[in-house]
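Novice: My structure file target31.cif, mmCIF, C-alpha atoms, is below:
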```cif
data_data
loop_
_atom_site.label_atom_id
_atom_site.label_comp_id
_atom_site.auth_asym_id
_atom_site.auth_seq_id
_atom_site.Cartn_x
_atom_site.Cartn_y
_atom_site.Cartn_z
CA MET A 1 -54.34 -13.77 68.67
CA SER A 2 -55.79 -15.39 71.79
CA LYS A 3 -58.61 -13.34 73.31
CA LEU A 4 -57.36 -14.06 76.85
CA LEU A 5 -53.88 -12.84 75.97
CA GLN A 6 -55.30 -9.83 74.11
CA ASP A 7 -57.33 -8.82 77.17
CA ALA A 8 -54.38 -9.25 79.53
CA VAL A 9 -52.13 -7.18 77.25
CA ALA A 10 -54.81 -4.47 77.05
CA GLU A 11 -54.96 -4.30 80.86
CA PHE A 12 -51.18 -4.09 81.28
CA ALA A 13 -51.00 -1.43 78.55
CA LYS A 14 -53.27 0.81 80.67
CA LEU A 15 -50.43 1.25 83.17
CA PRO A 16 -48.26 4.36 82.79
CA GLY A 17 -45.12 3.85 80.73
CA VAL A 18 -46.25 0.43 79.54
CA GLY A 19 -46.66 0.15 75.77
CA ARG A 20 -48.04 -2.82 73.86
CA ARG A 21 -44.63 -4.45 73.56
CA THR A 22 -43.88 -4.24 77.29
CA ALA A 23 -47.44 -5.36 78.07
CA LEU A 24 -46.88 -8.45 75.94
CA ARG A 25 -43.59 -9.18 77.71
CA LEU A 26 -45.31 -8.85 81.10
CA ALA A 27 -48.10 -11.21 79.98
CA MET A 28 -45.50 -13.75 78.79
CA HIS A 29 -43.58 -13.43 82.03
CA LEU A 30 -46.73 -14.13 84.04
CA LEU A 31 -47.00 -17.54 82.39
CA LYS A 32 -43.47 -18.39 83.48
CA MET A 33 -44.14 -17.54 87.14
CA ASP A 34 -45.61 -20.35 89.24
CA SER A 35 -49.19 -19.95 90.47
CA GLN A 36 -48.12 -19.37 94.07
CA GLU A 37 -45.99 -16.39 93.06
CA VAL A 38 -48.81 -14.90 90.98
CA GLU A 39 -51.28 -15.48 93.81
CA GLN A 40 -48.96 -13.73 96.27
CA MET A 41 -48.46 -10.80 93.89
CA MET A 42 -52.20 -10.38 93.43
CA GLN A 43 -52.85 -10.56 97.18
CA THR A 44 -50.11 -8.07 98.02
CA ILE A 45 -51.34 -5.58 95.44
CA ASN A 46 -54.95 -6.01 96.57
CA ARG A 47 -54.05 -5.54 100.22
CA TYR A 48 -52.02 -2.45 99.34
CA ARG A 49 -54.88 -0.98 97.32
CA GLN A 50 -57.48 -1.63 100.00
CA GLN A 51 -55.62 -0.84 103.19
CA ILE A 52 -53.26 2.02 102.41
CA ARG A 53 -54.35 5.50 103.48
CA HIS A 54 -53.03 9.03 103.68
CA CYS A 55 -51.43 10.35 106.86
CA GLN A 56 -53.92 12.78 108.44
CA ARG A 57 -51.16 15.20 109.32
CA CYS A 58 -48.88 15.30 106.27
CA ASN A 59 -50.74 13.40 103.50
CA ASN A 60 -47.88 10.89 103.14
CA LEU A 61 -48.94 7.32 102.29
CA SER A 62 -49.30 5.33 105.47
CA ASP A 63 -50.48 2.03 106.93
CA THR A 64 -51.91 3.91 109.93
CA ASP A 65 -53.70 7.23 110.54
CA LEU A 66 -50.40 8.93 111.35
CA CYS A 67 -47.37 8.04 109.22
CA PRO A 68 -44.13 6.78 110.88
CA ILE A 69 -42.48 10.17 110.31
CA CYS A 70 -45.24 12.26 111.92
CA SER A 71 -45.47 9.87 114.87
CA ASN A 72 -41.71 9.80 115.47
CA PRO A 73 -40.95 11.97 118.54
CA GLU A 74 -37.22 11.97 117.73
CA ARG A 75 -37.67 13.96 114.54
CA ASP A 76 -37.74 17.74 114.36
CA HIS A 77 -41.42 18.72 114.38
CA SER A 78 -40.68 22.42 113.90
CA THR A 79 -39.50 22.06 110.28
CA ILE A 80 -41.80 21.07 107.43
CA CYS A 81 -40.55 20.17 103.96
CA VAL A 82 -43.31 20.63 101.37
CA VAL A 83 -43.17 18.24 98.40
CA GLU A 84 -45.42 17.54 95.44
CA GLN A 85 -45.73 13.79 95.82
CA VAL A 86 -44.81 10.81 97.95
CA GLY A 87 -41.98 9.85 95.58
CA ASP A 88 -40.27 13.17 96.31
CA LEU A 89 -40.54 12.55 100.06
CA MET A 90 -38.91 9.15 99.55
CA SER A 91 -36.04 10.64 97.55
CA ILE A 92 -35.30 13.08 100.37
CA GLU A 93 -35.65 10.35 103.01
CA ASN A 94 -33.17 8.23 101.07
CA THR A 95 -30.47 10.82 101.71
CA ARG A 96 -30.88 10.14 105.49
CA GLN A 97 -29.88 13.76 106.12
CA TYR A 98 -33.20 15.45 106.75
CA ARG A 99 -34.74 14.95 110.20
CA GLY A 100 -37.80 17.21 110.00
CA MET A 101 -41.42 16.68 108.96
CA TYR A 102 -42.97 16.61 105.49
CA HIS A 103 -46.10 17.82 103.83
CA VAL A 104 -47.27 16.12 100.63
CA LEU A 105 -49.35 18.43 98.41
CA GLY A 106 -50.53 15.71 96.07
CA GLY A 107 -49.62 17.66 92.93
CA VAL A 108 -49.14 21.21 91.71
CA ILE A 109 -51.53 23.96 90.67
CA SER A 110 -52.26 23.44 86.98
CA PRO A 111 -55.20 25.32 85.45
CA MET A 112 -54.56 23.45 82.20
CA GLN A 113 -55.28 20.14 83.92
CA GLY A 114 -58.02 21.56 86.10
CA VAL A 115 -56.00 21.40 89.32
CA GLY A 116 -56.66 24.39 91.59
CA PRO A 117 -55.30 25.18 95.07
CA SER A 118 -58.30 23.49 96.71
CA ASP A 119 -57.41 20.19 95.01
CA LEU A 120 -54.10 20.17 96.88
CA LYS A 121 -53.50 19.76 100.61
CA ILE A 122 -52.58 23.41 101.09
CA ASP A 123 -55.26 24.21 103.70
CA LEU A 124 -54.04 21.27 105.79
CA LEU A 125 -50.53 22.80 105.67
CA VAL A 126 -51.74 26.27 106.66
CA ASP A 127 -53.83 24.81 109.50
CA LYS A 128 -50.75 23.03 110.82
CA ILE A 129 -48.76 26.26 110.79
CA LYS A 130 -51.62 28.18 112.40
CA GLN A 131 -51.41 25.81 115.37
CA GLY A 132 -47.90 27.17 116.01
CA GLY A 133 -44.57 25.55 116.79
CA ILE A 134 -43.34 25.64 113.18
CA LYS A 135 -40.04 27.49 112.65
CA GLU A 136 -39.30 26.73 109.01
CA VAL A 137 -41.13 25.62 105.86
CA ILE A 138 -38.87 24.31 103.10
CA LEU A 139 -40.56 24.37 99.69
CA ALA A 140 -39.08 21.48 97.68
CA ILE A 141 -41.27 21.96 94.63
CA SER A 142 -40.25 21.46 91.00
CA THR A 143 -39.13 24.41 88.88
CA SER A 144 -41.81 23.89 86.21
CA VAL A 145 -44.25 26.73 85.49
CA GLU A 146 -46.87 24.86 87.55
CA GLY A 147 -44.37 24.31 90.34
CA GLU A 148 -43.45 28.00 90.46
CA THR A 149 -47.14 28.97 90.50
CA THR A 150 -47.73 26.62 93.42
CA LEU A 151 -44.66 27.99 95.21
CA PHE A 152 -45.84 31.59 94.92
CA TYR A 153 -49.36 30.64 95.97
CA ILE A 154 -48.08 28.94 99.13
CA MET A 155 -45.65 31.80 99.87
CA ASN A 156 -48.57 34.22 99.72
CA ARG A 157 -50.65 32.10 102.07
CA LEU A 158 -47.74 31.93 104.53
CA LYS A 159 -47.12 35.71 104.57
CA GLN A 160 -49.55 36.00 107.52
CA TYR A 161 -47.06 34.02 109.62
CA PRO A 162 -43.90 36.17 109.48
CA GLU A 163 -42.37 34.22 112.36
CA VAL A 164 -42.05 31.21 110.04
CA ARG A 165 -38.95 31.13 107.84
CA VAL A 166 -39.88 30.06 104.28
CA THR A 167 -37.06 28.64 102.14
CA THR A 168 -36.69 26.73 98.86
CA ILE A 169 -34.11 24.08 98.08
CA ALA A 170 -30.97 25.24 96.25
CA ARG A 171 -30.87 25.14 92.47
CA GLY A 172 -27.49 24.53 90.88
CA ILE A 173 -25.32 22.09 88.98
CA GLY A 174 -25.85 18.50 90.12
CA PHE A 175 -22.89 16.43 91.27
CA GLY A 176 -21.54 14.56 88.27
CA ASP A 177 -23.32 16.82 85.79
CA GLU A 178 -21.17 18.17 82.99
CA LEU A 179 -21.45 21.93 82.66
CA GLU A 180 -21.42 21.56 78.90
CA TYR A 181 -24.79 19.79 78.98
CA VAL A 182 -26.57 21.79 81.71
CA ASP A 183 -29.34 24.17 80.61
CA GLU A 184 -28.78 27.95 80.67
CA LEU A 185 -31.28 28.70 83.45
CA THR A 186 -29.60 26.30 85.83
CA ILE A 187 -26.16 27.71 85.01
CA THR A 188 -27.46 31.26 85.49
CA HIS A 189 -28.82 30.35 88.93
CA ALA A 190 -25.68 28.46 89.85
CA MET A 191 -23.54 31.49 88.91
CA MET A 192 -25.74 33.96 90.77
CA ASN A 193 -25.84 31.84 93.92
CA ARG A 194 -22.11 31.12 93.91
CA ARG A 195 -20.46 30.60 97.28
CA GLU A 196 -17.04 31.24 98.81
CA VAL A 197 -14.75 28.25 98.54
CA GLU A 198 -14.38 26.88 102.07
CA MET B 1 -41.93 4.02 104.26
CA SER B 2 -45.31 2.32 104.47
CA LYS B 3 -45.03 -1.47 104.68
CA LEU B 4 -48.01 -1.95 102.37
CA LEU B 5 -46.43 0.30 99.75
CA GLN B 6 -43.04 -1.33 100.22
CA ASP B 7 -44.54 -4.78 99.62
CA ALA B 8 -46.45 -3.63 96.54
CA VAL B 9 -43.32 -2.00 95.09
CA ALA B 10 -41.33 -5.18 95.76
CA GLU B 11 -43.92 -7.23 93.85
CA PHE B 12 -43.98 -4.88 90.87
CA ALA B 13 -40.17 -4.81 90.82
CA LYS B 14 -40.14 -8.58 90.26
CA LEU B 15 -41.54 -8.03 86.77
CA PRO B 16 -39.04 -7.92 83.89
CA GLY B 17 -37.86 -4.43 82.97
CA VAL B 18 -39.46 -2.88 86.06
CA GLY B 19 -36.98 -1.19 88.38
CA ARG B 20 -37.76 0.30 91.80
CA ARG B 21 -38.60 3.69 90.32
CA THR B 22 -41.08 2.29 87.79
CA ALA B 23 -42.52 -0.04 90.46
CA LEU B 24 -43.17 2.99 92.64
CA ARG B 25 -44.84 4.82 89.78
CA LEU B 26 -47.07 1.80 89.12
CA ALA B 27 -48.01 1.59 92.81
CA MET B 28 -48.90 5.30 92.82
CA HIS B 29 -50.92 4.91 89.65
CA LEU B 30 -52.91 2.06 91.20
CA LEU B 31 -54.15 4.45 93.89
CA LYS B 32 -55.43 6.84 91.24
CA MET B 33 -57.44 4.13 89.45
CA ASP B 34 -60.94 3.52 90.78
CA SER B 35 -61.62 0.19 92.51
CA GLN B 36 -63.73 -1.10 89.65
CA GLU B 37 -60.87 -0.65 87.19
CA VAL B 38 -58.42 -2.38 89.52
CA GLU B 39 -60.89 -5.21 90.11
CA GLN B 40 -61.35 -5.68 86.37
CA MET B 41 -57.60 -5.66 85.79
CA MET B 42 -57.05 -8.31 88.47
CA GLN B 43 -59.85 -10.50 87.12
CA THR B 44 -58.64 -10.25 83.53
CA ILE B 45 -55.09 -11.15 84.51
CA ASN B 46 -56.26 -14.03 86.70
CA ARG B 47 -58.49 -15.41 83.97
CA TYR B 48 -55.66 -15.13 81.48
CA ARG B 49 -53.25 -16.94 83.82
CA GLN B 50 -55.67 -19.73 84.61
CA GLN B 51 -57.33 -20.39 81.27
CA ILE B 52 -54.72 -19.80 78.60
CA ARG B 53 -53.04 -22.90 77.12
CA HIS B 54 -50.68 -23.88 74.34
CA CYS B 55 -51.97 -24.97 70.96
CA GLN B 56 -51.44 -28.74 70.75
CA ARG B 57 -50.31 -28.48 67.15
CA CYS B 58 -48.02 -25.44 67.02
CA ASN B 59 -47.43 -24.41 70.68
CA ASN B 60 -48.89 -20.93 70.07
CA LEU B 61 -50.79 -19.43 73.00
CA SER B 62 -54.47 -20.23 72.61
CA ASP B 63 -57.85 -20.08 74.33
CA THR B 64 -58.69 -23.49 72.90
CA ASP B 65 -56.83 -26.76 72.24
CA LEU B 66 -56.14 -25.72 68.66
CA CYS B 67 -55.20 -22.08 68.01
CA PRO B 68 -57.17 -19.96 65.51
CA ILE B 69 -54.34 -20.25 62.97
CA CYS B 70 -54.09 -24.06 63.09
CA SER B 71 -57.87 -24.44 62.92
CA ASN B 72 -58.27 -22.03 60.00
CA PRO B 73 -58.92 -24.11 56.83
CA GLU B 74 -58.26 -21.11 54.60
CA ARG B 75 -54.59 -20.88 55.57
CA ASP B 76 -51.81 -22.80 53.83
CA HIS B 77 -51.23 -25.92 55.96
CA SER B 78 -48.26 -27.05 53.86
CA THR B 79 -45.91 -24.27 55.03
CA ILE B 80 -44.63 -23.99 58.60
CA CYS B 81 -42.80 -20.94 59.92
CA VAL B 82 -40.68 -21.88 62.96
CA VAL B 83 -40.23 -19.08 65.54
CA GLU B 84 -38.67 -18.87 68.98
CA GLN B 85 -41.58 -17.36 70.84
CA VAL B 86 -45.17 -16.21 70.57
CA GLY B 87 -44.09 -12.56 70.23
CA ASP B 88 -42.24 -13.42 67.01
CA LEU B 89 -45.35 -15.10 65.63
CA MET B 90 -47.34 -11.96 66.39
CA SER B 91 -44.82 -9.73 64.64
CA ILE B 92 -45.09 -11.85 61.48
CA GLU B 93 -48.89 -11.97 61.74
CA ASN B 94 -48.96 -8.18 62.01
CA THR B 95 -47.51 -7.94 58.50
CA ARG B 96 -50.70 -9.72 57.23
CA GLN B 97 -48.57 -11.17 54.41
CA TYR B 98 -47.91 -14.71 55.62
CA ARG B 99 -50.76 -17.20 55.19
CA GLY B 100 -49.09 -20.43 56.38
CA MET B 101 -48.81 -22.22 59.71
CA TYR B 102 -46.43 -21.56 62.61
CA HIS B 103 -44.46 -23.58 65.08
CA VAL B 104 -43.40 -21.96 68.35
CA LEU B 105 -40.25 -23.55 69.80
CA GLY B 106 -40.52 -21.83 73.17
CA GLY B 107 -36.91 -20.66 73.17
CA VAL B 108 -33.53 -21.56 71.68
CA ILE B 109 -30.92 -24.18 72.56
CA SER B 110 -28.67 -22.62 75.20
CA PRO B 111 -26.34 -24.92 77.14
CA MET B 112 -25.32 -21.91 79.27
CA GLN B 113 -28.90 -21.54 80.50
CA GLY B 114 -29.51 -25.28 80.65
CA VAL B 115 -31.87 -25.33 77.67
CA GLY B 116 -31.38 -28.45 75.54
CA PRO B 117 -33.28 -29.59 72.40
CA SER B 118 -35.69 -31.65 74.52
CA ASP B 119 -36.77 -28.47 76.37
CA LEU B 120 -38.05 -27.05 73.09
CA LYS B 121 -40.97 -28.21 70.98
CA ILE B 122 -38.71 -29.70 68.29
CA ASP B 123 -40.06 -33.26 68.48
CA LEU B 124 -43.57 -31.90 67.99
CA LEU B 125 -42.35 -30.17 64.82
CA VAL B 126 -40.63 -33.30 63.46
CA ASP B 127 -43.73 -35.41 64.23
CA LYS B 128 -45.85 -32.94 62.27
CA ILE B 129 -43.51 -33.21 59.28
CA LYS B 130 -43.37 -36.99 59.56
CA GLN B 131 -47.14 -37.09 59.06
CA GLY B 132 -46.58 -35.62 55.60
CA GLY B 133 -48.20 -32.82 53.63
CA ILE B 134 -45.55 -30.22 54.52
CA LYS B 135 -43.81 -28.61 51.56
CA GLU B 136 -41.72 -25.91 53.23
CA VAL B 137 -40.32 -25.11 56.66
CA ILE B 138 -39.22 -21.47 57.13
CA LEU B 139 -36.80 -21.05 60.01
CA ALA B 140 -37.37 -17.52 61.40
CA ILE B 141 -34.90 -17.83 64.26
CA SER B 142 -32.65 -15.08 65.60
CA THR B 143 -29.03 -14.78 64.45
CA SER B 144 -27.55 -15.12 67.95
CA VAL B 145 -25.11 -17.96 68.66
CA GLU B 146 -27.95 -19.83 70.38
CA GLY B 147 -30.27 -19.14 67.47
CA GLU B 148 -27.73 -20.46 64.95
CA THR B 149 -27.17 -23.58 67.08
CA THR B 150 -30.91 -24.18 67.16
CA LEU B 151 -31.16 -23.60 63.42
CA PHE B 152 -28.43 -26.16 62.64
CA TYR B 153 -29.93 -28.66 65.04
CA ILE B 154 -33.35 -28.42 63.39
CA MET B 155 -31.82 -28.52 59.89
CA ASN B 156 -30.07 -31.78 60.84
CA ARG B 157 -33.27 -33.29 62.16
CA LEU B 158 -35.07 -32.35 58.94
CA LYS B 159 -32.44 -33.88 56.63
CA GLN B 160 -34.37 -37.15 56.69
CA TYR B 161 -37.21 -35.41 54.86
CA PRO B 162 -35.52 -34.25 51.64
CA GLU B 163 -38.92 -33.58 50.05
CA VAL B 164 -39.38 -30.67 52.46
CA ARG B 165 -37.82 -27.35 51.43
CA VAL B 166 -36.04 -25.73 54.40
CA THR B 167 -35.48 -21.97 54.22
CA THR B 168 -34.46 -19.13 56.52
CA ILE B 169 -35.72 -15.56 56.40
CA ALA B 170 -33.54 -13.04 54.53
CA ARG B 171 -30.90 -11.09 56.44
CA GLY B 172 -30.15 -7.62 55.14
CA ILE B 173 -30.43 -3.92 55.75
CA GLY B 174 -33.76 -3.00 57.32
CA PHE B 175 -35.97 -0.38 55.69
CA GLY B 176 -35.09 2.98 57.17
CA ASP B 177 -31.75 1.76 58.55
CA GLU B 178 -28.76 3.92 57.73
CA LEU B 179 -25.91 1.95 56.21
CA GLU B 180 -23.45 3.98 58.27
CA TYR B 181 -24.80 2.48 61.51
CA VAL B 182 -25.41 -1.12 60.41
CA ASP B 183 -23.00 -3.80 61.74
CA GLU B 184 -20.44 -5.42 59.41
CA LEU B 185 -21.96 -8.89 59.44
CA THR B 186 -25.31 -7.60 58.26
CA ILE B 187 -23.67 -5.51 55.53
CA THR B 188 -21.57 -8.49 54.44
CA HIS B 189 -24.71 -10.64 54.16
CA ALA B 190 -26.62 -7.88 52.41
CA MET B 191 -23.80 -7.49 49.85
CA MET B 192 -23.47 -11.24 49.24
CA ASN B 193 -27.20 -11.73 48.81
CA ARG B 194 -27.64 -8.73 46.53
CA ARG B 195 -30.41 -8.91 43.95
CA GLU B 196 -31.03 -7.57 40.45
CA VAL B 197 -32.87 -4.28 40.43
CA GLU B 198 -36.36 -5.01 39.12
#
```
In structure tokens, write the structure found in this file.
Specialist:
Amino acid sequence: MSKLLQDAVAEFAKLPGVGRRTALRLAMHLLKMDSQEVEQMMQTINRYRQQIRHCQRCNNLSDTDLCPICSNPERDHSTICVVEQVGDLMSIENTRQYRGMYHVLGGVISPMQGVGPSDLKIDLLVDKIKQGGIKEVILAISTSVEGETTLFYIMNRLKQYPEVRVTTIARGIGFGDELEYVDELTITHAMMNRREVE
Amino acid sequence: MSKLLQDAVAEFAKLPGVGRRTALRLAMHLLKMDSQEVEQMMQTINRYRQQIRHCQRCNNLSDTDLCPICSNPERDHSTICVVEQVGDLMSIENTRQYRGMYHVLGGVISPMQGVGPSDLKIDLLVDKIKQGGIKEVILAISTSVEGETTLFYIMNRLKQYPEVRVTTIARGIGFGDELEYVDELTITHAMMNRREVE
């Protein structure tokens, strides 16, 4: 096998979710693209890597020191939705229903993987709340063991600010999910948190 | 959403099999890699793109004018295995059982996609056979309609060389496949081409 191809495949295979077979397909595809396209791709990715930064207020990815959400005066600055990662923020933004602020932790507490509270942007969140003006903190953190640990840690830190309402997003049966295939814990929660039919 | 991130995601999403979600994951991963790693990845991919070429004899990808297989005097130069693409060649090489030559067509005849015989390296194959010394041509082409068309086209072109044995690889039930789930055509072929138990 060609050394050049071998090296390219090895590089692609380092990416998450890319096995040797996919890496090979990507390498083959690259040969079909014209040089201009490849050049543009490389430049875009390089520019992204070198110029992107984290919002100083909420830790969202941003082209500027303050992200477009934090610098938008028309959004509700008294509500903060805490998420694990930028992808979660995007999912919520895609609903176009939420008009408040965000706070990106950058992960969850995971002693197994050596991630402690100080590795996450929790102090930055507490500082923001300390400055006042925050009415509600919505914890939109995953229900994994690590997620729950992180949730309880943050709830404890926020106890010193009783004026701030702390909520978590609702757990229940997703739209389109078939009850038959939903796990027991979710069903239990969905039953407990049942609501009056409106 | 950050423009830099948006652009990077759009570039990744141009790759085959990469949707927006995967593109986003790749973009996020890139931020976790250190600059040296990213630099090395970019350089390797650039070098691959710019320096790789096709073997002048068999159309395999190669670092040099003749690929390592064609320039290996210890392999059997009288047998040519014809495959659609470089990935197929690699799969056969991975078995470490075949010691002959290859010929990479670069696709299959597909009028729907505007691919005619002249778009494939069929003339190069016929020229090679014309020069003599070839005893067998193994057609390892897929069983799709396009594959069969290509197979018949090549078989017709090779009729003028009756001294060359033309074969196709065996169709049958794969090892580990469960008969229950195998399609009828494959079972029919497997039954027709049954062999004595040795």
Novice: Can you list, as a list in words, the residues that the PyMOL selection byres ((chain B and resi 71-78) around 9) selects here?
Specialist: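 Taken on the displayed file, the PyMOL selection byres ((chain B and resi 71-78) around 9) yields the residues Leu66, Cys67, Pro68, Ile69, Cys70, Thr79, Ile80, Arg99, Gly100, Met101, Gly132, Gly133, Ile134, Lys135, Glu136 and Val137 of chain B.
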Novice: Quick check: residues of chain A within 6 Å of chain B, all atoms listed in the file, returned as a list in words.
Specialist: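 In the required form, that comes to Ser2, Leu4, Ala8, Glu11, Met41, Thr44, Ile45, Tyr48, Ser62 and Asp63 of chain A.
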Novice: What does the distance between CA of Gly172 (chain A) and CA of Ala190 (chain A) come to in Å, to one decimal place?
Specialist: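 One can read the CA of Gly172 (chain A) to CA of Ala190 (chain A) distance as 4.4 Å.
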Novice: Please measure the separation of CA of Gln131 (chain A) and CA of Ser118 (chain A), giving the value in Å to one decimal.
Specialist: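 Pair CA of Gln131 (chain A) / CA of Ser118 (chain A) returns 20.0 Å.
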Novice: Determine the nearest neighbour of Ile138 (chain A) from the options A:Cys81, A:Leu125, A:Val115, A:Leu179, counting all atoms listed in the file.
Specialist: A:Cys81
Novice: Env of Gln160 (chain B): 12 Å cut, atoms = all atoms listed in the file, seq-sep filter 4 positions within chain, self excluded. Answer as a PDB file with C-alpha atoms, keeping the file's coordinate frame.
Specialist:
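The resulting file, part.pdb, is shown below:
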```pdb
ATOM      1  CA  VAL B 126     -40.630 -33.300  63.460  1.00  0.00           C
ATOM      2  CA  ILE B 129     -43.510 -33.210  59.280  1.00  0.00           C
ATOM      3  CA  LYS B 130     -43.370 -36.990  59.560  1.00  0.00           C
ATOM      4  CA  ILE B 154     -33.350 -28.420  63.390  1.00  0.00           C
ATOM      5  CA  MET B 155     -31.820 -28.520  59.890  1.00  0.00           C
ATOM      6  CA  ASN B 156     -30.070 -31.780  60.840  1.00  0.00           C
ATOM      7  CA  VAL B 164     -39.380 -30.670  52.460  1.00  0.00           C
ATOM      8  CA  ARG B 165     -37.820 -27.350  51.430  1.00  0.00           C
ATOM      9  CA  VAL B 166     -36.040 -25.730  54.400  1.00  0.00           C
TER      10      VAL B 166
END
```
Novice: What's the separation between CA of Arg171 (chain B) and CA of Leu151 (chain B), in Å to one decimal place?
Specialist: 14.3 Å
Novice: Considering all atoms listed in the file, state which residue in the set A:Thr188, A:Ser91, A:Ser110, A:Gln97 is at the smallest distance from Val145 (chain A).
Specialist: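 Ranking A:Thr188, A:Ser91, A:Ser110, A:Gln97 by distance to Val145 (chain A), first place goes to A:Ser110.
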Novice: Hey, what comes out of the PyMOL selection byres ((chain B and resi 147) around 12) on this file? Could you write it as a list in words?
Specialist: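 What the PyMOL selection byres ((chain B and resi 147) around 12) grabs from the file is Val82, Val83, Glu84, Gln85, Leu105, Gly107, Val108, Ile109, Ser110, Pro111, Pro117, Leu139, Ala140, Ile141, Ser142, Thr143, Ser144, Val145, Glu146, Glu148, Thr149, Thr150, Leu151, Phe152, Tyr153, Ile154 and Thr168 of chain B.
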Novice: Residues near Asp177 (chain B), anyone? I mean within 12 Å using all atoms listed in the file, not counting same-chain ones fewer than 5 positions away, as a list of chain:residue names.
Specialist: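 These residues fall inside the cut-off: B:Gly172, B:Val182, B:Asp183, B:Thr186, B:Ile187.
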Novice: Nearest to Arg194 (chain A): which of A:Tyr161, A:Ile92, A:Tyr102, A:Ala170 is it, counting all atoms listed in the file?
Specialist: A:Ala170
Novice: What are the centre and edge lengths in Å, to one decimal, of the axis-aligned box around all listed atoms of region 123-136 of chain A with 6 Å added on each side, as JSON?
Specialist:
```
{"center_x": -47.3, "center_y": 24.7, "center_z": 110.2, "size_x": 28.0, "size_y": 18.9, "size_z": 25.1}
```
Novice: Selection in question (the file shown): the PyMOL selection byres ((chain A and resi 124) around 9). Which residues does it include, as number ranges by chain?
Specialist: A: 56-59, 103, 120-123, 125-129
Novice: Using the partial input, fill out region 58-62 of chain B with all heavy atoms; write the result as a CSV table (one decimal), in the coordinates of the input.
Specialist:
```csv
chain,number,residue,atom,x,y,z
B,58,CYS,N,-49.1,-26.3,67.4
B,58,CYS,CA,-48.0,-25.4,67.0
B,58,CYS,C,-47.4,-24.7,68.2
B,58,CYS,O,-46.5,-24.0,68.1
B,58,CYS,CB,-48.5,-24.4,66.0
B,58,CYS,SG,-49.5,-23.1,66.8
B,59,ASN,N,-48.0,-25.0,69.4
B,59,ASN,CA,-47.4,-24.4,70.7
B,59,ASN,C,-47.7,-22.9,70.8
B,59,ASN,O,-47.1,-22.3,71.7
B,59,ASN,CB,-45.9,-24.7,70.8
B,59,ASN,CG,-45.4,-24.5,72.2
B,59,ASN,OD1,-46.1,-24.8,73.2
B,59,ASN,ND2,-44.2,-24.1,72.3
B,60,ASN,N,-48.5,-22.3,69.9
B,60,ASN,CA,-48.9,-20.9,70.1
B,60,ASN,C,-49.8,-20.8,71.3
B,60,ASN,O,-50.4,-21.8,71.8
B,60,ASN,CB,-49.7,-20.5,68.8
B,60,ASN,CG,-50.1,-19.1,68.8
B,60,ASN,OD1,-49.6,-18.3,69.6
B,60,ASN,ND2,-51.0,-18.8,67.9
B,61,LEU,N,-49.8,-19.6,71.9
B,61,LEU,CA,-50.8,-19.4,73.0
B,61,LEU,C,-52.2,-19.5,72.4
B,61,LEU,O,-52.4,-18.9,71.3
B,61,LEU,CB,-50.5,-18.1,73.7
B,61,LEU,CG,-49.3,-18.0,74.6
B,61,LEU,CD1,-49.2,-16.7,75.2
B,61,LEU,CD2,-49.4,-19.1,75.7
B,62,SER,N,-53.1,-20.0,73.2
B,62,SER,CA,-54.5,-20.2,72.6
B,62,SER,C,-55.5,-20.3,73.7
B,62,SER,O,-55.2,-20.7,74.8
B,62,SER,CB,-54.5,-21.5,71.8
B,62,SER,OG,-55.8,-21.7,71.3
```
